[in-house]
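Undergrad: For reference, the file protein-v7.pdb (PDB, C-alpha atoms) is included below:
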```
ATOM      1  CA  GLY A   1       0.000   0.000   0.000
ATOM      2  CA  GLU A   2       0.926   3.651  -0.105
ATOM      3  CA  SER A   3       3.130   4.798   2.706
ATOM      4  CA  VAL A   4       5.321   7.548   3.992
ATOM      5  CA  GLY A   5       8.511   6.594   5.745
ATOM      6  CA  LEU A   6      11.778   7.923   7.065
ATOM      7  CA  HIS A   7      15.296   6.762   6.298
ATOM      8  CA  LEU A   8      16.895   7.506   9.681
ATOM      9  CA  PRO A   9      15.105   6.808  12.957
ATOM     10  CA  THR A  10      17.671   8.758  15.023
ATOM     11  CA  LEU A  11      19.885  11.658  14.037
ATOM     12  CA  SER A  12      22.517  13.097  16.346
ATOM     13  CA  VAL A  13      24.095  16.449  15.496
ATOM     14  CA  GLN A  14      26.376  18.931  17.158
ATOM     15  CA  GLU A  15      24.901  22.234  18.249
ATOM     16  CA  GLY A  16      25.415  24.807  15.526
ATOM     17  CA  ASP A  17      25.610  22.267  12.716
ATOM     18  CA  ASN A  18      22.951  21.895  10.060
ATOM     19  CA  SER A  19      20.522  18.969  10.268
ATOM     20  CA  ILE A  20      18.905  17.106   7.418
ATOM     21  CA  ILE A  21      15.960  14.810   8.048
ATOM     22  CA  ASN A  22      14.785  12.680   5.151
ATOM     23  CA  CYS A  23      11.459  11.195   4.198
ATOM     24  CA  ALA A  24      10.452   8.908   1.348
ATOM     25  CA  TYR A  25       6.916   8.630   0.059
ATOM     26  CA  SER A  26       5.412   6.133  -2.327
ATOM     27  CA  ASN A  27       2.214   7.792  -3.510
ATOM     28  CA  SER A  28       3.035   9.638  -6.704
ATOM     29  CA  ALA A  29      -0.384  11.334  -6.518
ATOM     30  CA  SER A  30       0.472  13.100  -3.257
ATOM     31  CA  ASP A  31       0.181  16.833  -3.698
ATOM     32  CA  TYR A  32       0.787  18.278  -0.243
ATOM     33  CA  PHE A  33       3.514  17.561   2.278
ATOM     34  CA  ILE A  34       4.031  18.785   5.794
ATOM     35  CA  TRP A  35       6.607  18.525   8.563
ATOM     36  CA  TYR A  36       5.739  18.411  12.241
ATOM     37  CA  LYS A  37       7.929  18.635  15.343
ATOM     38  CA  GLN A  38       6.933  16.719  18.449
ATOM     39  CA  GLU A  39       8.590  17.248  21.805
ATOM     40  CA  SER A  40       8.322  14.592  24.468
ATOM     41  CA  GLY A  41       4.834  14.348  25.974
ATOM     42  CA  LYS A  42       3.419  17.036  23.713
ATOM     43  CA  GLY A  43       1.361  17.217  20.567
ATOM     44  CA  PRO A  44       2.992  17.747  17.169
ATOM     45  CA  GLN A  45       3.620  21.323  16.078
ATOM     46  CA  PHE A  46       3.518  22.499  12.490
ATOM     47  CA  ILE A  47       6.910  23.455  11.067
ATOM     48  CA  ILE A  48       6.563  23.939   7.335
ATOM     49  CA  ASP A  49       4.604  22.644   4.378
ATOM     50  CA  ILE A  50       5.032  22.433   0.627
ATOM     51  CA  ARG A  51       2.814  21.692  -2.337
ATOM     52  CA  SER A  52       3.783  19.482  -5.212
ATOM     53  CA  ASN A  53       4.058  22.408  -7.624
ATOM     54  CA  MET A  54       7.109  23.592  -5.674
ATOM     55  CA  ASP A  55      10.479  21.986  -5.050
ATOM     56  CA  LYS A  56      11.717  24.208  -2.245
ATOM     57  CA  ARG A  57      10.274  26.324   0.479
ATOM     58  CA  GLN A  58      12.042  28.234   3.220
ATOM     59  CA  GLY A  59      10.987  29.258   6.673
ATOM     60  CA  GLN A  60      12.845  30.563   9.670
ATOM     61  CA  ARG A  61      15.979  28.370   9.911
ATOM     62  CA  VAL A  62      14.129  25.564   8.105
ATOM     63  CA  THR A  63      13.949  24.562   4.471
ATOM     64  CA  VAL A  64      11.865  21.810   2.926
ATOM     65  CA  LEU A  65      12.975  20.244  -0.332
ATOM     66  CA  LEU A  66      10.732  18.112  -2.512
ATOM     67  CA  ASN A  67      12.052  15.829  -5.227
ATOM     68  CA  LYS A  68       9.055  14.398  -7.032
ATOM     69  CA  THR A  69      11.198  12.389  -9.414
ATOM     70  CA  VAL A  70      12.452  10.127  -6.643
ATOM     71  CA  LYS A  71       9.553  10.822  -4.265
ATOM     72  CA  HIS A  72      11.765  12.236  -1.563
ATOM     73  CA  LEU A  73      11.183  14.975   0.982
ATOM     74  CA  SER A  74      13.732  16.519   3.297
ATOM     75  CA  LEU A  75      13.769  18.990   6.148
ATOM     76  CA  GLN A  76      16.869  21.057   6.658
ATOM     77  CA  ILE A  77      17.446  22.883   9.934
ATOM     78  CA  ALA A  78      20.172  25.510   9.935
ATOM     79  CA  ALA A  79      22.369  26.127  12.975
ATOM     80  CA  THR A  80      20.686  23.407  15.016
ATOM     81  CA  GLN A  81      19.973  24.379  18.612
ATOM     82  CA  PRO A  82      19.273  22.251  21.710
ATOM     83  CA  GLY A  83      15.627  23.335  21.481
ATOM     84  CA  ASP A  84      15.403  21.577  18.146
ATOM     85  CA  SER A  85      15.737  18.206  19.874
ATOM     86  CA  ALA A  86      12.479  16.383  19.173
ATOM     87  CA  VAL A  87      10.869  13.818  16.910
ATOM     88  CA  TYR A  88      10.133  15.066  13.424
ATOM     89  CA  PHE A  89       7.312  13.642  11.316
ATOM     90  CA  CYS A  90       6.619  14.052   7.662
ATOM     91  CA  ALA A  91       3.103  13.621   6.347
ATOM     92  CA  GLU A  92       1.459  13.677   2.970
ATOM     93  CA  THR A  93      -1.997  14.165   1.580
ATOM     94  CA  GLY A  94      -2.618  11.728  -1.179
ATOM     95  CA  ASP A  95      -5.604  10.644  -3.170
ATOM     96  CA  ASN A  96      -7.290   8.663  -0.407
ATOM     97  CA  ALA A  97     -10.891   9.231   0.569
ATOM     98  CA  GLY A  98     -11.293  12.371   2.620
ATOM     99  CA  ASN A  99      -7.813  13.504   1.627
ATOM    100  CA  MET A 100      -6.414  12.394   4.980
ATOM    101  CA  LEU A 101      -2.847  13.026   6.002
ATOM    102  CA  THR A 102      -0.636   9.929   6.135
ATOM    103  CA  PHE A 103       2.148  10.184   8.719
ATOM    104  CA  GLY A 104       5.586   8.665   8.618
ATOM    105  CA  GLY A 105       7.134   6.900  11.601
ATOM    106  CA  GLY A 106       9.241   9.850  12.771
ATOM    107  CA  THR A 107      12.934  10.669  13.195
ATOM    108  CA  ARG A 108      14.382  11.593  16.547
ATOM    109  CA  LEU A 109      16.805  14.519  16.379
ATOM    110  CA  MET A 110      19.287  14.773  19.232
ATOM    111  CA  VAL A 111      21.385  17.914  19.523
ATOM    112  CA  LYS A 112      24.654  17.627  21.405
ATOM    113  CA  PRO A 113      25.869  20.757  23.200
TER     114      PRO A 113
ATOM    115  CA  ASP B   1      -1.416  24.230  22.091
ATOM    116  CA  GLY B   2      -3.179  26.457  19.618
ATOM    117  CA  GLY B   3      -6.558  26.547  21.341
ATOM    118  CA  ILE B   4      -7.092  22.809  21.544
ATOM    119  CA  THR B   5      -7.457  21.406  25.026
ATOM    120  CA  GLN B   6      -7.241  17.735  25.822
ATOM    121  CA  SER B   7      -8.016  16.298  29.224
ATOM    122  CA  PRO B   8      -6.981  14.558  31.277
ATOM    123  CA  LYS B   9      -3.256  14.472  30.543
ATOM    124  CA  TYR B  10      -2.968  11.017  32.123
ATOM    125  CA  LEU B  11      -5.716   8.414  32.376
ATOM    126  CA  PHE B  12      -5.820   4.897  33.730
ATOM    127  CA  ARG B  13      -8.303   2.273  32.665
ATOM    128  CA  LYS B  14      -9.299  -0.869  34.482
ATOM    129  CA  GLU B  15     -10.138  -4.061  32.669
ATOM    130  CA  GLY B  16     -13.611  -3.956  31.124
ATOM    131  CA  GLN B  17     -14.003  -0.238  31.724
ATOM    132  CA  ASN B  18     -14.961   2.415  29.207
ATOM    133  CA  VAL B  19     -13.114   5.711  29.470
ATOM    134  CA  THR B  20     -13.714   9.005  27.706
ATOM    135  CA  LEU B  21     -11.058  11.438  26.567
ATOM    136  CA  SER B  22     -12.049  15.055  26.197
ATOM    137  CA  CYS B  23     -11.100  17.375  23.337
ATOM    138  CA  GLU B  24     -12.266  20.978  23.093
ATOM    139  CA  GLN B  25     -11.242  23.631  20.584
ATOM    140  CA  ASN B  26     -11.963  27.355  20.445
ATOM    141  CA  LEU B  27     -10.513  27.899  16.992
ATOM    142  CA  ASN B  28     -13.871  27.684  15.215
ATOM    143  CA  HIS B  29     -12.511  24.818  13.146
ATOM    144  CA  ASP B  30     -14.919  22.629  11.245
ATOM    145  CA  ALA B  31     -12.934  19.401  11.261
ATOM    146  CA  MET B  32     -11.668  17.453  14.259
ATOM    147  CA  TYR B  33      -9.642  14.257  14.459
ATOM    148  CA  TRP B  34      -8.445  11.627  16.879
ATOM    149  CA  TYR B  35      -5.102   9.908  16.421
ATOM    150  CA  ARG B  36      -3.391   7.153  18.333
ATOM    151  CA  GLN B  37       0.374   7.153  18.791
ATOM    152  CA  ASP B  38       2.298   4.129  20.029
ATOM    153  CA  PRO B  39       5.920   4.441  21.240
ATOM    154  CA  GLY B  40       8.283   5.061  18.357
ATOM    155  CA  GLN B  41       5.427   4.989  15.880
ATOM    156  CA  GLY B  42       3.666   7.459  13.654
ATOM    157  CA  LEU B  43       0.119   8.683  14.095
ATOM    158  CA  ARG B  44      -2.796   6.490  13.157
ATOM    159  CA  LEU B  45      -6.244   7.921  12.519
ATOM    160  CA  ILE B  46      -9.064   6.634  14.725
ATOM    161  CA  TYR B  47     -12.033   8.844  13.827
ATOM    162  CA  TYR B  48     -12.634  12.209  12.238
ATOM    163  CA  SER B  49     -15.515  14.620  11.931
ATOM    164  CA  GLN B  50     -15.922  17.316   9.338
ATOM    165  CA  ILE B  51     -19.223  18.751  10.574
ATOM    166  CA  VAL B  52     -21.394  18.611  13.670
ATOM    167  CA  ASN B  53     -23.389  15.403  14.115
ATOM    168  CA  ASP B  54     -21.315  13.569  11.534
ATOM    169  CA  PHE B  55     -18.133  11.520  11.858
ATOM    170  CA  GLN B  56     -16.231   8.898   9.909
ATOM    171  CA  LYS B  57     -14.098   5.922  10.854
ATOM    172  CA  GLY B  58     -10.381   6.160  10.355
ATOM    173  CA  ASP B  59      -7.903   3.337   9.952
ATOM    174  CA  ILE B  60      -8.210   1.893  13.462
ATOM    175  CA  ALA B  61     -11.743   2.684  14.671
ATOM    176  CA  GLU B  62     -12.490  -0.713  16.238
ATOM    177  CA  GLY B  63     -12.955  -0.462  19.996
ATOM    178  CA  TYR B  64     -13.482   3.301  19.925
ATOM    179  CA  SER B  65     -16.518   5.570  19.647
ATOM    180  CA  VAL B  66     -16.970   9.318  19.216
ATOM    181  CA  SER B  67     -19.658  11.978  19.153
ATOM    182  CA  ARG B  68     -19.817  15.471  17.684
ATOM    183  CA  GLU B  69     -22.774  17.214  19.251
ATOM    184  CA  LYS B  70     -21.044  20.588  19.292
ATOM    185  CA  LYS B  71     -18.561  22.162  16.908
ATOM    186  CA  GLU B  72     -16.139  22.779  19.764
ATOM    187  CA  SER B  73     -16.129  19.287  21.220
ATOM    188  CA  PHE B  74     -15.124  15.844  19.956
ATOM    189  CA  PRO B  75     -14.868  13.326  22.830
ATOM    190  CA  LEU B  76     -13.370   9.902  22.276
ATOM    191  CA  THR B  77     -14.536   6.848  24.230
ATOM    192  CA  VAL B  78     -12.176   3.916  24.530
ATOM    193  CA  THR B  79     -14.438   0.938  25.061
ATOM    194  CA  SER B  80     -13.754  -2.394  26.711
ATOM    195  CA  ALA B  81     -13.637  -3.870  23.211
ATOM    196  CA  GLN B  82     -10.290  -2.149  22.658
ATOM    197  CA  LYS B  83      -7.951  -4.817  23.996
ATOM    198  CA  ASN B  84      -4.743  -2.847  23.707
ATOM    199  CA  PRO B  85      -5.651   0.722  24.659
ATOM    200  CA  THR B  86      -2.326   1.826  26.115
ATOM    201  CA  ALA B  87      -1.120   4.658  23.896
ATOM    202  CA  PHE B  88      -0.777   8.399  23.554
ATOM    203  CA  TYR B  89      -3.974   9.895  22.123
ATOM    204  CA  LEU B  90      -3.893  13.087  20.126
ATOM    205  CA  CYS B  91      -6.804  15.274  19.135
ATOM    206  CA  ALA B  92      -6.472  17.701  16.250
ATOM    207  CA  SER B  93      -8.529  20.199  14.335
ATOM    208  CA  SER B  94      -8.289  22.002  11.048
ATOM    209  CA  PRO B  95     -10.035  25.013   9.566
ATOM    210  CA  LEU B  96     -11.005  23.212   6.381
ATOM    211  CA  GLY B  97     -13.950  20.903   6.305
ATOM    212  CA  VAL B  98     -12.680  18.871   3.394
ATOM    213  CA  THR B  99      -9.033  18.115   4.018
ATOM    214  CA  ASN B 100      -6.927  17.905   7.123
ATOM    215  CA  GLU B 101      -4.022  19.939   5.890
ATOM    216  CA  LYS B 102      -2.068  21.762   8.551
ATOM    217  CA  LEU B 103      -3.644  20.124  11.556
ATOM    218  CA  PHE B 104      -3.499  21.851  14.915
ATOM    219  CA  PHE B 105      -2.865  19.357  17.701
ATOM    220  CA  GLY B 106      -3.700  19.232  21.380
ATOM    221  CA  SER B 107      -1.154  18.238  24.004
ATOM    222  CA  GLY B 108      -2.319  14.646  24.174
ATOM    223  CA  THR B 109      -3.655  12.160  26.714
ATOM    224  CA  GLN B 110      -1.575   9.205  27.853
ATOM    225  CA  LEU B 111      -3.859   6.246  28.508
ATOM    226  CA  SER B 112      -2.595   3.278  30.463
ATOM    227  CA  VAL B 113      -4.215   0.059  31.606
ATOM    228  CA  LEU B 114      -4.124  -0.867  35.299
TER     229      LEU B 114
END
```
What does this structure look like when you write it as structure tokens?
TA:
Amino acid sequence: GESVGLHLPTLSVQEGDNSIINCAYSNSASDYFIWYKQESGKGPQFIIDIRSNMDKRQGQRVTVLLNKTVKHLSLQIAATQPGDSAVYFCAETGDNAGNMLTFGGGTRLMVKP
Amino acid sequence: DGGITQSPKYLFRKEGQNVTLSCEQNLNHDAMYWYRQDPGQGLRLIYYSQIVNDFQKGDIAEGYSVSREKKESFPLTVTSAQKNPTAFYLCASSPLGVTNEKLFFGSGTQLSVL
């Protein structure tokens, strides 16, 4: 079936370095993608989104890249800070009934001081 | 948490007991959702509602029930038929009645079995 997944379950980076979190998706009909950040014991928080008619979108310290050819999504965090430590989820809206978001399994980002 | 309040934060269920998780939003959003999150896992959709007095099953609705009597409220009942209820439950809402793009999440309820 269609799915959204992540390559790396855990990513450890040094404070100040850039982080790249990857996500693969299998539904070529997906037209909307979103990244969430979830801190321990809390609900996910929206970070950034992108539509399939774009290949790059930038926010504050974050950039999302979309490669539709290989069905790959990435989240780049510049100058990673300890407060960035969390689990990051990608999600996609495909062609399923109700246009529901499908979530990946998550990547844990650990920032070393 | 963006105007979505879940309560309680922690809940314990005895064998054979039904428990209800509360979710209230003051964002005037049309759509509301319930997700289940198991440790190290992604979010799985239990139920969703796009308008008052209407709701639809998600991917894992068995053992759960919901109601949507008011726009602001979408309580989830975990029934005794749900044999493995221990999980982190997340409620969400979105301003669009058709899709659930850019969901706004509550802070979650951790349900455990005694």
Undergrad: If we count all atoms listed in the file and set the cut-off at 7 Å, which residues sit around segment 32-47 of chain A, ignoring sequence neighbours fewer than 3 positions away in its own chain? Please answer as a PDB file with C-alpha atoms, in the frame of the given file.
TA:
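For reference, part-v6.pdb as written:
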```pdb
ATOM      1  CA  ILE A  50       5.032  22.433   0.627  1.00  0.00           C
ATOM      2  CA  ARG A  51       2.814  21.692  -2.337  1.00  0.00           C
ATOM      3  CA  SER A  52       3.783  19.482  -5.212  1.00  0.00           C
ATOM      4  CA  ALA A  86      12.479  16.383  19.173  1.00  0.00           C
ATOM      5  CA  VAL A  87      10.869  13.818  16.910  1.00  0.00           C
ATOM      6  CA  TYR A  88      10.133  15.066  13.424  1.00  0.00           C
ATOM      7  CA  PHE A  89       7.312  13.642  11.316  1.00  0.00           C
ATOM      8  CA  CYS A  90       6.619  14.052   7.662  1.00  0.00           C
ATOM      9  CA  ALA A  91       3.103  13.621   6.347  1.00  0.00           C
ATOM     10  CA  GLU A  92       1.459  13.677   2.970  1.00  0.00           C
ATOM     11  CA  THR A  93      -1.997  14.165   1.580  1.00  0.00           C
TER      12      THR A  93
ATOM     13  CA  LEU B  90      -3.893  13.087  20.126  1.00  0.00           C
ATOM     14  CA  LYS B 102      -2.068  21.762   8.551  1.00  0.00           C
ATOM     15  CA  PHE B 105      -2.865  19.357  17.701  1.00  0.00           C
ATOM     16  CA  GLY B 106      -3.700  19.232  21.380  1.00  0.00           C
ATOM     17  CA  SER B 107      -1.154  18.238  24.004  1.00  0.00           C
ATOM     18  CA  GLY B 108      -2.319  14.646  24.174  1.00  0.00           C
TER      19      GLY B 108
END
```
Undergrad: Between A:Asp84, A:Glu15, A:Asp55, A:Asp49, which one has atoms that come closest to His72 of chain A, using all atoms listed in the file?
TA: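 Closest residue, counting all atoms listed in the file: A:Asp55.
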Undergrad: I'd like the neighbourhood of segment 2-11 of chain B as an mmCIF file with C-alpha atoms, in the coordinates of the input, where a residue qualifies if any of its atoms comes within 7 Å (using only C-alpha atoms), though same-chain residues fewer than 2 positions away should be ignored.
TA:
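Result written to around.cif:
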```cif
data_model
loop_
_atom_site.group_PDB
_atom_site.id
_atom_site.type_symbol
_atom_site.label_atom_id
_atom_site.label_comp_id
_atom_site.auth_asym_id
_atom_site.auth_seq_id
_atom_site.Cartn_x
_atom_site.Cartn_y
_atom_site.Cartn_z
ATOM 1 C CA ARG B 13 -8.303 2.273 32.665
ATOM 2 C CA LEU B 21 -11.058 11.438 26.567
ATOM 3 C CA SER B 22 -12.049 15.055 26.197
ATOM 4 C CA CYS B 23 -11.100 17.375 23.337
ATOM 5 C CA GLU B 24 -12.266 20.978 23.093
ATOM 6 C CA GLN B 25 -11.242 23.631 20.584
ATOM 7 C CA ASN B 26 -11.963 27.355 20.445
ATOM 8 C CA LEU B 27 -10.513 27.899 16.992
ATOM 9 C CA PHE B 104 -3.499 21.851 14.915
ATOM 10 C CA PHE B 105 -2.865 19.357 17.701
ATOM 11 C CA GLY B 106 -3.700 19.232 21.380
ATOM 12 C CA SER B 107 -1.154 18.238 24.004
ATOM 13 C CA GLY B 108 -2.319 14.646 24.174
ATOM 14 C CA THR B 109 -3.655 12.160 26.714
ATOM 15 C CA GLN B 110 -1.575 9.205 27.853
ATOM 16 C CA LEU B 111 -3.859 6.246 28.508
ATOM 17 C CA SER B 112 -2.595 3.278 30.463
#
```
Undergrad: Could you please tell me, as a list in words, which residues of chain A have an atom within 6 Å of chain B when using all atoms listed in the file?
TA: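 Per the criterion, chain A yields Lys42, Gly43, Asn99, Met100, Phe103, Gly104 and Gly105 of chain A.
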Undergrad: Using the selection just defined, write its residues with C-alpha atoms as a compact mmCIF listing (two decimals), keeping the file's coordinate frame.
TA:
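Everything below was put into result19.txt:
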```
# COMPACT_ATOMS: atom_id res chain seq x y z
CA LYS A 42 3.42 17.04 23.71
CA GLY A 43 1.36 17.22 20.57
CA ASN A 99 -7.81 13.50 1.63
CA MET A 100 -6.41 12.39 4.98
CA PHE A 103 2.15 10.18 8.72
CA GLY A 104 5.59 8.66 8.62
CA GLY A 105 7.13 6.90 11.60
```
Undergrad: Please report the interatomic distance between atom CA of Asn53 of chain B and atom CA of Asp38 of chain B in Å with one decimal.
TA: 28.7 Å
Undergrad: As an exercise, work out the distance from atom CA of Asn28 of chain B to atom CA of Phe74 of chain B in Å and give it to one decimal place.
TA: 12.8 Å
Undergrad: Please, what distance in Å, to one decimal, runs between atom CA of Glu62 of chain B and atom CA of Ser26 of chain A?
TA: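 One can read the atom CA of Glu62 of chain B to atom CA of Ser26 of chain A distance as 26.7 Å.
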Undergrad: Name the closest residue to Asn18 of chain A among the candidates A:Leu66, A:Ala78, A:Leu109, A:Met54; distances are taken between atoms, counting only C-alpha atoms.
TA: A:Ala78
Undergrad: Centre and edge lengths, as AutoDock Vina command-line options, for the axis-aligned box enclosing every listed atom of segment 18-29 of chain A with 8 Å of padding on each of the six sides, in Å to one decimal?
TA:
```
--center_x 11.3 --center_y 14.0 --center_z 1.8 --size_x 39.3 --size_y 31.8 --size_z 33.0
```
Undergrad: On this file, the PyMOL selection byres ((chain B and resi 51) around 8) gives some set of residues; write that set as a compact mmCIF listing (two decimals) with C-alpha atoms, keeping the file's coordinate frame.
TA:
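The result, stored in expr06.txt:
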```
# COMPACT_ATOMS: atom_id res chain seq x y z
CA ASP B 30 -14.92 22.63 11.24
CA ALA B 31 -12.93 19.40 11.26
CA SER B 49 -15.52 14.62 11.93
CA GLN B 50 -15.92 17.32 9.34
CA VAL B 52 -21.39 18.61 13.67
CA ASN B 53 -23.39 15.40 14.12
CA ASP B 54 -21.32 13.57 11.53
CA PHE B 55 -18.13 11.52 11.86
CA ARG B 68 -19.82 15.47 17.68
CA LYS B 71 -18.56 22.16 16.91
CA GLY B 97 -13.95 20.90 6.30
```
Undergrad: With a distance cut-off of 8 Å and all atoms listed in the file, select the neighbouring residues of Ile21 of chain A, excluding the residue or stretch itself and same-chain residues fewer than 3 positions from it, and output the selection as a ChimeraX atom specification.
TA: /A:8,11,74-76,88,107
Undergrad: Given the file shown, enumerate the residues that the PyMOL selection byres ((chain B and resi 80) around 6) captures and present them as an MDAnalysis selection string.
TA: chainID B and resid 16:18 79 81:82
Undergrad: Fewer than 5 positions away in the same chain doesn't count, so skip those; otherwise give me all residues within 9 Å of Gln14 of chain A, counting all atoms listed in the file, as number ranges by chain.
TA: A: 80-81, 110-113
Undergrad: Which polymer residues, protein or nucleic acid, are no farther than 9 Å from (8.9, 12.0, -6.1), counting all atoms listed in the file, as a PyMOL selection string?
TA: chain A and resi 24-28+30+66-73
Undergrad: Any chance you can output those residues with C-alpha atoms as a PDB file, keeping the file's coordinate frame?
TA:
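part.pdb was written with the following content:
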```
ATOM      1  CA  ALA A  24      10.452   8.908   1.348  1.00  0.00           C
ATOM      2  CA  TYR A  25       6.916   8.630   0.059  1.00  0.00           C
ATOM      3  CA  SER A  26       5.412   6.133  -2.327  1.00  0.00           C
ATOM      4  CA  ASN A  27       2.214   7.792  -3.510  1.00  0.00           C
ATOM      5  CA  SER A  28       3.035   9.638  -6.704  1.00  0.00           C
ATOM      6  CA  SER A  30       0.472  13.100  -3.257  1.00  0.00           C
ATOM      7  CA  LEU A  66      10.732  18.112  -2.512  1.00  0.00           C
ATOM      8  CA  ASN A  67      12.052  15.829  -5.227  1.00  0.00           C
ATOM      9  CA  LYS A  68       9.055  14.398  -7.032  1.00  0.00           C
ATOM     10  CA  THR A  69      11.198  12.389  -9.414  1.00  0.00           C
ATOM     11  CA  VAL A  70      12.452  10.127  -6.643  1.00  0.00           C
ATOM     12  CA  LYS A  71       9.553  10.822  -4.265  1.00  0.00           C
ATOM     13  CA  HIS A  72      11.765  12.236  -1.563  1.00  0.00           C
ATOM     14  CA  LEU A  73      11.183  14.975   0.982  1.00  0.00           C
TER      15      LEU A  73
END
```
Undergrad: Restricting the calculation to only C-alpha atoms: of B:Tyr47, B:Val78, B:Glu72, B:Tyr64, which residue gets closest to Tyr35 of chain B?
TA: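 Distance minimum relative to Tyr35 of chain B lands on B:Tyr47.
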